[in-house]
file my_file_4.txt (compact mmCIF, C-alpha atoms)
# COMPACT_ATOMS: atom_id res chain seq x y z
CA MET A 1 -45.33 10.27 -70.53
CA TYR A 2 -43.99 6.87 -71.44
CA ASP A 3 -44.83 3.77 -69.43
CA LYS A 4 -47.41 5.69 -67.41
CA GLY A 5 -48.96 2.53 -66.05
CA LYS A 6 -45.70 0.98 -64.85
CA VAL A 7 -44.47 4.22 -63.26
CA ILE A 8 -47.68 4.83 -61.31
CA VAL A 9 -47.88 1.20 -60.16
CA GLY A 10 -44.21 1.38 -59.14
CA LEU A 11 -44.80 4.57 -57.16
CA VAL A 12 -47.80 3.13 -55.36
CA VAL A 13 -45.85 -0.01 -54.45
CA PHE A 14 -42.91 2.08 -53.25
CA LEU A 15 -45.11 4.35 -51.11
CA GLY A 16 -46.81 1.29 -49.70
CA PHE A 17 -43.46 -0.15 -48.59
CA ALA A 18 -42.08 3.15 -47.32
CA THR A 19 -45.10 3.91 -45.14
CA PHE A 20 -45.67 0.32 -44.00
CA PRO A 21 -44.09 0.83 -40.53
CA PHE A 22 -46.43 3.77 -39.88
CA TYR A 23 -49.79 2.31 -40.82
CA ASN A 24 -48.82 -1.04 -39.40
CA ASN A 25 -48.35 0.50 -35.96
CA ILE A 26 -51.30 2.92 -35.97
CA GLY A 27 -53.22 2.71 -32.72
CA LYS A 28 -50.78 0.22 -31.18
CA LYS A 29 -48.77 0.96 -28.07
CA SER A 30 -45.08 0.21 -28.28
CA ALA A 31 -43.54 -1.75 -25.43
CA VAL A 32 -42.79 0.75 -22.68
CA PRO A 33 -39.64 -0.21 -20.76
CA GLU A 34 -40.24 -1.36 -17.24
CA PRO A 35 -37.11 -1.12 -15.13
CA ILE A 36 -37.27 -3.92 -12.58
CA LEU A 37 -37.03 -2.75 -8.98
CA LYS A 38 -36.85 -6.20 -7.45
CA THR A 39 -33.39 -6.97 -6.11
CA PRO A 40 -32.29 -8.61 -2.84
CA VAL A 41 -31.23 -5.27 -1.28
CA ILE A 42 -34.37 -3.39 -2.31
CA ASP A 43 -36.52 -6.25 -1.04
CA ARG A 44 -34.92 -5.93 2.40
CA MET A 45 -35.62 -2.19 2.57
CA LEU A 46 -38.18 -1.14 5.17
CA VAL A 47 -39.11 1.98 3.23
CA LYS A 48 -38.57 1.49 -0.47
CA LYS A 49 -37.10 4.73 -1.74
CA CYS A 50 -34.15 6.15 -3.62
CA ILE A 51 -32.03 9.17 -2.71
CA GLU A 52 -34.53 11.40 -4.55
CA PRO A 53 -38.16 10.91 -5.68
CA LYS A 54 -38.68 8.75 -8.76
CA GLU A 55 -39.39 11.66 -11.12
CA VAL A 56 -36.22 13.49 -10.08
CA MET A 57 -34.13 10.35 -10.48
CA ARG A 58 -35.62 9.67 -13.88
CA GLY A 59 -34.74 13.11 -15.19
CA GLU A 60 -31.66 14.06 -13.23
CA HIS A 61 -29.68 10.90 -12.45
CA MET A 62 -27.02 11.81 -14.98
CA GLN A 63 -26.50 15.19 -13.34
CA ILE A 64 -26.35 13.59 -9.90
CA LEU A 65 -23.74 11.11 -11.12
CA ASP A 66 -21.74 13.94 -12.64
CA ASP A 67 -21.79 15.84 -9.33
CA TRP A 68 -20.79 12.70 -7.42
CA ARG A 69 -17.90 12.14 -9.77
CA ASP A 70 -16.52 15.62 -9.09
CA LEU A 71 -17.08 15.24 -5.35
CA VAL A 72 -15.27 11.92 -5.11
CA VAL A 73 -12.53 12.18 -7.70
CA ARG A 74 -11.68 15.85 -7.45
CA GLU A 75 -12.69 16.91 -3.92
CA GLY A 76 -11.96 13.53 -2.35
CA GLU A 77 -15.29 13.59 -0.50
CA ARG A 78 -16.48 10.02 -0.22
CA LYS A 79 -19.53 10.48 1.96
CA LYS A 80 -21.76 7.63 2.97
CA MET A 81 -25.50 8.11 2.94
CA THR A 82 -28.40 6.08 4.27
CA VAL A 83 -31.40 5.40 2.07
CA GLY A 84 -34.31 3.42 3.46
CA GLY A 85 -32.03 1.86 6.08
CA VAL A 86 -29.35 0.89 3.54
CA GLU A 87 -25.94 2.55 3.73
CA ILE A 88 -24.41 3.39 0.36
CA ASP A 89 -21.30 5.15 -0.95
CA THR A 90 -21.15 8.19 -3.20
CA SER A 91 -20.40 5.89 -6.10
CA LEU A 92 -21.94 4.37 -9.20
CA GLN A 93 -20.67 0.87 -8.47
CA LYS A 94 -20.87 0.97 -4.69
CA GLY A 95 -23.85 3.34 -4.52
CA CYS A 96 -26.42 2.98 -7.28
CA LEU A 97 -25.54 -0.58 -8.16
CA HIS A 98 -25.49 -1.65 -4.51
CA CYS A 99 -29.30 -1.57 -4.51
CA HIS A 100 -29.93 -1.74 -8.24
CA SER A 101 -27.84 -4.85 -8.65
CA ASN A 102 -29.60 -5.71 -11.90
CA LYS A 103 -27.99 -3.41 -14.45
CA LYS A 104 -29.42 -5.34 -17.42
CA LYS A 105 -33.00 -5.10 -16.21
CA PHE A 106 -32.74 -1.66 -14.63
CA CYS A 107 -30.26 0.66 -16.36
CA ASP A 108 -30.22 -1.05 -19.73
CA ALA A 109 -34.01 -1.38 -19.92
CA CYS A 110 -34.51 2.37 -20.48
CA HIS A 111 -31.16 3.11 -22.08
CA ASN A 112 -31.81 0.55 -24.81
CA TYR A 113 -35.38 1.76 -25.34
CA LEU A 114 -34.18 5.34 -25.80
CA SER A 115 -31.12 4.21 -27.72
CA VAL A 116 -28.73 6.07 -25.44
CA LYS A 117 -25.34 4.51 -24.92
CA PRO A 118 -23.80 6.04 -21.78
CA TYR A 119 -20.06 5.46 -21.76
CA CYS A 120 -20.11 4.85 -17.99
CA TRP A 121 -19.94 1.16 -18.80
CA ASP A 122 -16.71 1.46 -20.78
CA CYS A 123 -14.98 1.49 -17.39
CA HIS A 124 -17.59 0.80 -14.69
CA PHE A 125 -19.67 -2.33 -14.39
CA ASP A 126 -22.07 -4.08 -12.11
CA PRO A 127 -19.85 -6.05 -9.74
CA LYS A 128 -22.58 -8.63 -9.22
CA GLU A 129 -23.50 -9.18 -12.82
CA ARG A 130 -19.87 -8.66 -13.87
CA ASP A 131 -21.40 -7.37 -17.04
CA VAL A 132 -18.47 -6.12 -19.05
CA MET B 1 7.64 58.67 -44.23
CA SER B 2 10.46 56.47 -43.17
CA MET B 3 11.31 55.63 -39.59
CA GLN B 4 14.71 55.06 -38.13
CA ARG B 5 15.16 51.66 -36.45
CA ARG B 6 16.08 53.49 -33.26
CA ASP B 7 12.83 55.48 -33.30
CA PHE B 8 10.79 52.38 -33.97
CA LEU B 9 12.28 50.62 -30.94
CA LYS B 10 11.66 53.67 -28.78
CA LEU B 11 8.03 53.77 -29.85
CA LEU B 12 7.69 50.06 -29.18
CA GLY B 13 9.16 50.43 -25.70
CA VAL B 14 6.94 53.37 -24.81
CA SER B 15 3.77 51.72 -26.10
CA THR B 16 4.55 48.60 -24.05
CA LEU B 17 5.08 50.67 -20.91
CA VAL B 18 1.99 52.80 -21.48
CA GLY B 19 -0.05 49.67 -21.12
CA GLY B 20 -0.86 47.78 -24.24
CA THR B 21 -2.55 44.62 -22.99
CA GLY B 22 0.24 42.50 -24.41
CA GLY B 23 2.80 44.44 -22.47
CA GLY B 24 0.81 44.12 -19.28
CA ALA B 25 0.57 40.36 -19.64
CA LEU B 26 4.29 40.16 -20.21
CA PHE B 27 4.98 42.02 -16.98
CA ASN B 28 2.61 39.73 -15.10
CA VAL B 29 4.39 36.62 -16.37
CA LEU B 30 7.75 38.07 -15.38
CA LYS B 31 6.61 39.05 -11.89
CA PRO B 32 8.75 37.30 -9.30
CA GLY B 33 7.17 34.05 -8.26
CA ALA B 34 4.65 33.88 -11.10
CA VAL B 35 6.27 30.90 -12.80
CA GLU B 36 6.74 29.11 -9.51
CA ALA B 37 3.10 29.76 -8.57
CA SER B 38 1.88 28.17 -11.77
CA SER B 39 3.88 25.05 -11.01
CA GLY B 40 2.60 24.60 -7.46
CA ALA B 41 5.91 25.24 -5.78
CA GLY B 42 6.07 25.27 -2.02
CA PHE B 43 3.07 22.99 -1.73
CA LYS B 44 1.21 23.21 1.54
CA SER B 45 -1.61 20.77 2.10
CA THR B 46 -4.96 21.96 3.42
CA SER B 47 -5.33 19.05 5.84
CA GLY B 48 -1.83 19.02 7.37
CA LYS B 49 -1.01 15.83 5.50
CA THR B 50 1.38 15.31 2.63
CA TRP B 51 1.67 11.65 1.74
CA ALA B 52 5.08 10.26 0.93
CA MET B 53 6.71 6.87 0.48
CA VAL B 54 10.08 5.54 1.59
CA VAL B 55 11.45 2.56 -0.34
CA ASP B 56 14.08 0.53 1.49
CA THR B 57 15.41 -1.71 -1.25
CA GLY B 58 17.71 -3.58 1.14
CA LYS B 59 14.70 -4.94 3.01
CA PHE B 60 13.00 -6.44 -0.05
CA THR B 61 13.10 -10.18 -0.50
CA PRO B 62 13.13 -11.33 -4.16
CA ASP B 63 9.60 -12.58 -3.67
CA GLN B 64 8.32 -9.27 -2.33
CA TYR B 65 8.94 -7.29 -5.51
CA ARG B 66 6.58 -9.53 -7.38
CA LYS B 67 4.11 -9.55 -4.52
CA CYS B 68 3.72 -5.79 -4.22
CA ILE B 69 3.50 -5.24 -7.98
CA LYS B 70 0.90 -7.97 -8.26
CA ALA B 71 -1.10 -6.57 -5.32
CA CYS B 72 -1.26 -3.15 -6.96
CA HIS B 73 -2.06 -4.37 -10.44
CA ARG B 74 -4.76 -6.73 -9.18
CA GLU B 75 -6.33 -4.09 -6.95
CA HIS B 76 -6.59 -1.55 -9.76
CA ASN B 77 -7.40 -3.89 -12.64
CA VAL B 78 -4.22 -3.00 -14.50
CA PRO B 79 -4.37 -4.92 -17.78
CA ASP B 80 -1.57 -7.10 -19.13
CA PHE B 81 -1.49 -7.44 -22.90
CA GLY B 82 1.63 -9.59 -22.75
CA ASN B 83 3.48 -7.24 -25.06
CA PRO B 84 5.85 -4.41 -24.08
CA LYS B 85 4.41 -2.02 -26.68
CA ASP B 86 1.00 -1.96 -25.00
CA GLU B 87 2.34 -2.30 -21.46
CA ILE B 88 0.40 -0.57 -18.68
CA LYS B 89 2.27 -0.20 -15.39
CA TRP B 90 1.61 1.54 -12.11
CA ILE B 91 4.54 0.10 -10.21
CA TRP B 92 7.57 -1.67 -11.62
CA THR B 93 11.30 -2.29 -11.02
CA ASP B 94 14.49 -1.20 -12.71
CA ASP B 95 18.22 -1.22 -11.87
CA PHE B 96 20.20 1.57 -10.22
CA GLU B 97 21.54 3.08 -13.43
CA HIS B 98 18.09 3.49 -14.97
CA SER B 99 16.40 4.53 -11.74
CA PHE B 100 18.97 7.13 -10.76
CA PRO B 101 20.81 8.16 -13.93
CA GLY B 102 23.97 10.08 -13.15
CA ALA B 103 24.07 9.03 -9.51
CA GLY B 104 26.34 6.02 -10.01
CA HIS B 105 29.81 5.49 -11.36
CA GLU B 106 31.86 2.64 -12.77
CA PHE B 107 33.42 1.58 -9.45
CA MET B 108 30.27 1.60 -7.35
CA ASP B 109 29.10 -1.21 -5.08
CA GLU B 110 28.19 -4.10 -7.34
CA GLU B 111 25.33 -5.24 -5.18
CA LEU B 112 23.72 -1.80 -5.32
CA GLU B 113 24.31 -1.65 -9.05
CA THR B 114 22.35 -4.82 -9.74
CA LEU B 115 19.57 -4.46 -7.13
CA PRO B 116 16.12 -3.89 -8.55
CA PHE B 117 14.45 -0.70 -7.31
CA VAL B 118 10.68 -0.40 -6.96
CA LEU B 119 9.51 2.55 -9.04
CA MET B 120 6.14 4.28 -9.17
CA CYS B 121 4.61 7.73 -9.58
CA ASN B 122 6.66 10.10 -7.42
CA HIS B 123 3.73 12.36 -6.52
CA CYS B 124 6.09 15.28 -7.01
CA GLU B 125 5.80 18.54 -5.15
CA LYS B 126 5.97 20.30 -8.52
CA PRO B 127 4.53 17.75 -10.93
CA ALA B 128 5.36 18.43 -14.57
CA CYS B 129 2.41 16.30 -15.71
CA VAL B 130 -0.05 18.57 -13.88
CA ARG B 131 1.40 21.69 -15.47
CA VAL B 132 0.93 20.42 -19.00
CA CYS B 133 -2.48 18.75 -18.69
CA PRO B 134 -4.90 20.81 -20.81
CA THR B 135 -8.05 19.52 -19.07
CA GLN B 136 -6.78 19.22 -15.50
CA ALA B 137 -7.50 15.52 -15.72
CA THR B 138 -4.38 15.04 -13.67
CA PHE B 139 -4.10 17.35 -10.69
CA LYS B 140 -2.38 17.70 -7.36
CA ARG B 141 -4.93 17.18 -4.62
CA ALA B 142 -4.92 20.19 -2.31
CA SER B 143 -5.79 18.18 0.78
CA ASP B 144 -2.85 15.78 0.78
CA GLY B 145 -0.60 16.48 -2.19
CA ILE B 146 -1.13 13.24 -4.07
CA VAL B 147 -1.19 13.51 -7.85
CA VAL B 148 -4.49 12.04 -8.98
CA MET B 149 -5.84 11.04 -12.36
CA ASP B 150 -9.46 11.79 -13.28
CA PRO B 151 -9.90 9.45 -16.25
CA HIS B 152 -13.30 11.00 -17.00
CA ARG B 153 -11.57 14.15 -18.13
CA CYS B 154 -8.57 12.63 -19.88
CA ILE B 155 -8.62 13.32 -23.62
CA GLY B 156 -5.60 11.13 -24.32
CA CYS B 157 -3.29 13.87 -25.58
CA ARG B 158 -0.33 12.27 -23.73
CA PHE B 159 1.32 15.60 -22.89
CA CYS B 160 1.70 14.26 -19.35
CA MET B 161 3.60 11.24 -20.63
CA ALA B 162 6.02 13.50 -22.43
CA ALA B 163 6.34 15.74 -19.39
CA CYS B 164 6.85 13.06 -16.72
CA PRO B 165 10.59 12.45 -16.39
CA PHE B 166 10.05 9.16 -14.55
CA GLY B 167 8.08 7.17 -17.12
CA ALA B 168 5.34 6.68 -14.57
CA ARG B 169 2.49 7.03 -17.04
CA SER B 170 1.03 4.52 -19.43
CA PHE B 171 -1.38 5.04 -22.30
CA ASN B 172 -4.21 2.68 -23.12
CA TRP B 173 -3.60 2.01 -26.79
CA ARG B 174 -6.14 -0.77 -26.67
CA ASP B 175 -9.38 -1.44 -24.82
CA PRO B 176 -8.23 -3.16 -21.62
CA ARG B 177 -11.29 -5.39 -21.72
CA LYS B 178 -10.26 -6.76 -25.06
CA GLY B 179 -7.08 -8.70 -24.40
CA GLY B 180 -5.95 -7.14 -21.13
CA PHE B 181 -7.43 -9.79 -18.86
CA PRO B 182 -7.77 -13.57 -19.04
CA MET B 183 -10.97 -14.53 -20.86
CA VAL B 184 -13.52 -17.05 -19.61
CA ASN B 185 -16.52 -17.84 -21.82
CA GLY B 186 -15.72 -14.89 -24.05
CA LYS B 187 -15.82 -12.44 -21.14
CA PRO B 188 -12.82 -10.83 -19.48
CA VAL B 189 -12.28 -11.77 -15.84
CA ILE B 190 -11.81 -8.49 -13.95
CA PRO B 191 -9.52 -9.13 -10.95
CA ASN B 192 -11.17 -6.61 -8.63
CA PRO B 193 -14.88 -6.12 -9.35
CA GLU B 194 -15.03 -3.21 -6.89
CA TYR B 195 -12.71 -1.04 -8.98
CA PRO B 196 -13.42 0.17 -12.53
CA THR B 197 -11.21 -0.57 -15.50
CA ARG B 198 -9.99 2.16 -17.83
CA THR B 199 -10.96 2.65 -21.43
CA LYS B 200 -9.06 2.95 -24.67
CA GLY B 201 -7.47 6.38 -25.09
CA VAL B 202 -6.77 7.43 -21.51
CA VAL B 203 -3.54 7.66 -19.54
CA GLU B 204 -3.16 5.97 -16.17
CA LYS B 205 -0.61 5.76 -13.37
CA CYS B 206 -0.08 5.07 -9.68
CA THR B 207 -2.44 7.20 -7.56
CA PHE B 208 -1.27 6.37 -4.00
CA CYS B 209 -4.67 4.65 -3.63
CA PRO B 210 -7.02 7.51 -2.65
CA GLU B 211 -9.89 5.02 -2.38
CA ARG B 212 -7.93 3.13 0.30
CA LEU B 213 -6.62 6.25 2.08
CA ALA B 214 -10.26 7.40 2.39
CA VAL B 215 -11.06 4.38 4.56
CA GLY B 216 -7.85 4.57 6.59
CA LYS B 217 -5.94 1.88 4.72
CA GLU B 218 -2.40 2.15 3.34
CA PRO B 219 -1.75 1.77 -0.39
CA ALA B 220 -2.01 -1.76 -1.75
CA CYS B 221 1.75 -2.13 -2.39
CA VAL B 222 2.58 -1.11 1.18
CA GLU B 223 0.07 -3.57 2.56
CA ALA B 224 1.60 -6.34 0.44
CA THR B 225 5.02 -5.82 2.06
CA GLU B 226 3.63 -5.22 5.54
CA GLY B 227 5.92 -6.04 8.45
CA SER B 228 9.11 -5.94 6.39
CA GLY B 229 9.58 -2.17 6.36
CA ALA B 230 10.47 -2.35 2.68
CA LEU B 231 7.82 0.22 1.78
CA VAL B 232 6.86 2.81 4.37
CA PHE B 233 4.03 5.22 3.75
CA GLY B 234 3.29 8.27 5.87
CA ASN B 235 2.74 11.94 6.46
CA LEU B 236 5.68 14.13 5.54
CA GLU B 237 4.33 17.08 7.52
CA ASP B 238 4.25 15.15 10.78
CA LYS B 239 7.72 15.32 12.35
CA ARG B 240 7.08 12.20 14.40
CA SER B 241 5.87 10.06 11.51
CA GLU B 242 7.72 6.90 10.50
CA VAL B 243 8.71 8.34 7.12
CA ARG B 244 10.21 11.44 8.72
CA ARG B 245 12.10 9.31 11.22
CA ILE B 246 13.60 7.17 8.44
CA LEU B 247 14.45 10.23 6.35
CA ALA B 248 16.15 11.87 9.33
CA HIS B 249 18.29 8.86 10.25
CA ASN B 250 19.23 7.33 6.91
CA TYR B 251 20.90 8.39 3.72
CA THR B 252 18.07 8.70 1.21
CA ILE B 253 17.90 9.86 -2.40
CA GLN B 254 15.17 10.90 -4.82
CA ARG B 255 14.92 10.13 -8.52
CA LYS B 256 16.35 12.84 -10.80
CA PRO B 257 16.39 15.63 -8.16
CA GLU B 258 18.20 17.91 -10.62
CA LEU B 259 14.94 18.35 -12.55
CA GLY B 260 13.38 20.17 -9.63
CA THR B 261 10.07 18.31 -9.44
CA ASN B 262 10.88 17.28 -5.87
CA PRO B 263 9.65 13.66 -5.75
CA ARG B 264 7.77 12.44 -2.71
CA VAL B 265 9.12 8.89 -3.05
CA PHE B 266 12.46 8.45 -1.29
CA TYR B 267 14.98 5.61 -1.55
CA VAL B 268 17.11 4.44 1.38
CA ILE B 269 20.65 3.66 0.20
CA GLY B 270 22.66 1.16 2.19
CA GLY B 271 20.43 0.57 5.19

call {"tool": "encode", "arguments": {"input": "my_file_4.txt", "output": "structure tokens"}}
result
Amino acid sequence: MYDKGKVIVGLVVFLGFATFPFYNNIGKKSAVPEPILKTPVIDRMLVKKCIEPKEVMRGEHMQILDDWRDLVVREGERKKMTVGGVEIDTSLQKGCLHCHSNKKKFCDACHNYLSVKPYCWDCHFDPKERDV
Amino acid sequence: MSMQRRDFLKLLGVSTLVGGTGGGALFNVLKPGAVEASSGAGFKSTSGKTWAMVVDTGKFTPDQYRKCIKACHREHNVPDFGNPKDEIKWIWTDDFEHSFPGAGHEFMDEELETLPFVLMCNHCEKPACVRVCPTQATFKRASDGIVVMDPHRCIGCRFCMAACPFGARSFNWRDPRKGGFPMVNGKPVIPNPEYPTRTKGVVEKCTFCPERLAVGKEPACVEATEGSGALVFGNLEDKRSEVRRILAHNYTIQRKPELGTNPRVFYVIGG
């Protein structure tokens, strides 16, 4: 084998670079997203709760939004519901974002962490943040 | 073995009758009423309401045309790219000849000939756009007969635009948020923050404002001309409604009635 020394040194250097992100982060915790639940409307709530328990919302909010969309757009059923003393619409903008009026620190916090890009925001937006 | 043409046709006829699936399907399509059923003919609402609009062009002031178009386009965040190629319109005006082709003639009343007519989606009884939509993104709402768009489902095929004989549909060639609204600090200013915008690649049109009807309000254009009687909105199934009264006592026409879509927007002629 020609240039044995150079090849082996080169390989070691390459492996060192390629695996750097792994051994650099061993034992460290990455920054877990913390969606902020402090907004004016939530602060006024007597009982701080969402339409479903936290775990359900975390896992199923996309399905709930999908069901709402069919109910409102296709069935024309625009029901109002009361959550913790706050009346909201069956709506992303007038429902979810009525309380969670901090899209950047609530929705985006997790979506960015998980690198999901929901296309809700191509059309919808937070009326208060006007984040378009 | 050779077969005479006559024998071949006989065999074909018999095998169709005996019940090849193809033959069966053919008979189903040809059943009386099958074509009409697929087009929603003889629409009957489930709530006893069929919304309709009466446009009385004689009652419009020049200012009101602009006002009602602006009210609608502001309410629904309809973008303006400032270029006819990318134009998005829900409600607009045109002259008699282009609104009612074939209904005029060379000696007709000059005033009528030059008057602008307010045009919008006709919310037809038998909407051609609904028949062609492959995803049912546009559909006729069973409860009140309005023709609604569900932009979530629209795949942008534009069949509906080809099917609609009234030019009521516009396609978003560009992202409305990039150039459709005035920009301040690099961000588009959305006229109505309560209503979403659309996205590139979907079709949009007048919807008769279901979000307003749900809270007991009239469509935005009607509200903008309130008190003048230029636009009257109401229930076609209620014999005592204002629209039925106007239709019963005035000469009214629809756009392109010969096409059989049966528009639900009526125009008073010579009020």

call {"tool": "interface_residues", "arguments": {"input": "my_file_4.txt", "of": "chain A", "to": "chain B", "cutoff": "10 Å", "atoms": "all atoms listed in the file", "output": "count of residues only"}}
result
27

call {"tool": "atom_distance", "arguments": {"input": "my_file_4.txt", "atom1": "atom CA of Arg153 of chain B", "atom2": "atom CA of Ile64 of chain A"}}
result
16.9 Å

call {"tool": "closest_residue", "arguments": {"input": "my_file_4.txt", "among": "B:Leu259, B:Val147, B:Ile253, B:Ala224", "to": "Phe100 of chain B", "atoms": "all atoms listed in the file"}}
result
B:Ile253

call {"tool": "atom_distance", "arguments": {"input": "my_file_4.txt", "atom1": "atom CA of Leu112 of chain B", "atom2": "atom CA of Arg240 of chain B"}}
result
29.4 Å

call {"tool": "atom_distance", "arguments": {"input": "my_file_4.txt", "atom1": "atom CA of Asn102 of chain A", "atom2": "atom CA of Cys50 of chain A"}}
result
15.2 Å

call {"tool": "closest_atom_pairs", "arguments": {"input": "my_file_4.txt", "of": "segment 1-32 of chain A", "to": "segment 108-117 of chain A", "cutoff": "12 Å", "atoms": "only C-alpha atoms", "output": "Markdown table"}}
result
| residue | atom | partner | partner_atom | distance |
| --- | --- | --- | --- | --- |
| A:Ser30 | CA | A:Tyr113 | CA | 10.3 |
| A:Ala31 | CA | A:Tyr113 | CA | 8.9 |
| A:Val32 | CA | A:Tyr113 | CA | 7.9 |

call {"tool": "closest_residue", "arguments": {"input": "my_file_4.txt", "among": "A:Met62, A:Cys99, A:Val56, A:Val47", "to": "Gly84 of chain A", "atoms": "all atoms listed in the file"}}
result
A:Val47

call {"tool": "residues_near_point", "arguments": {"input": "my_file_4.txt", "point": "(-5.6, -2.3, -9.6)", "cutoff": "9 Å", "atoms": "all atoms listed in the file", "output": "ChimeraX atom specification"}}
result
/B:70-79,90,191-192,195-197,220

call {"tool": "closest_residue", "arguments": {"input": "my_file_4.txt", "among": "B:Ile91, B:Val265, B:Ala248, B:Met120", "to": "Val232 of chain B", "atoms": "only C-alpha atoms"}}
result
B:Val265
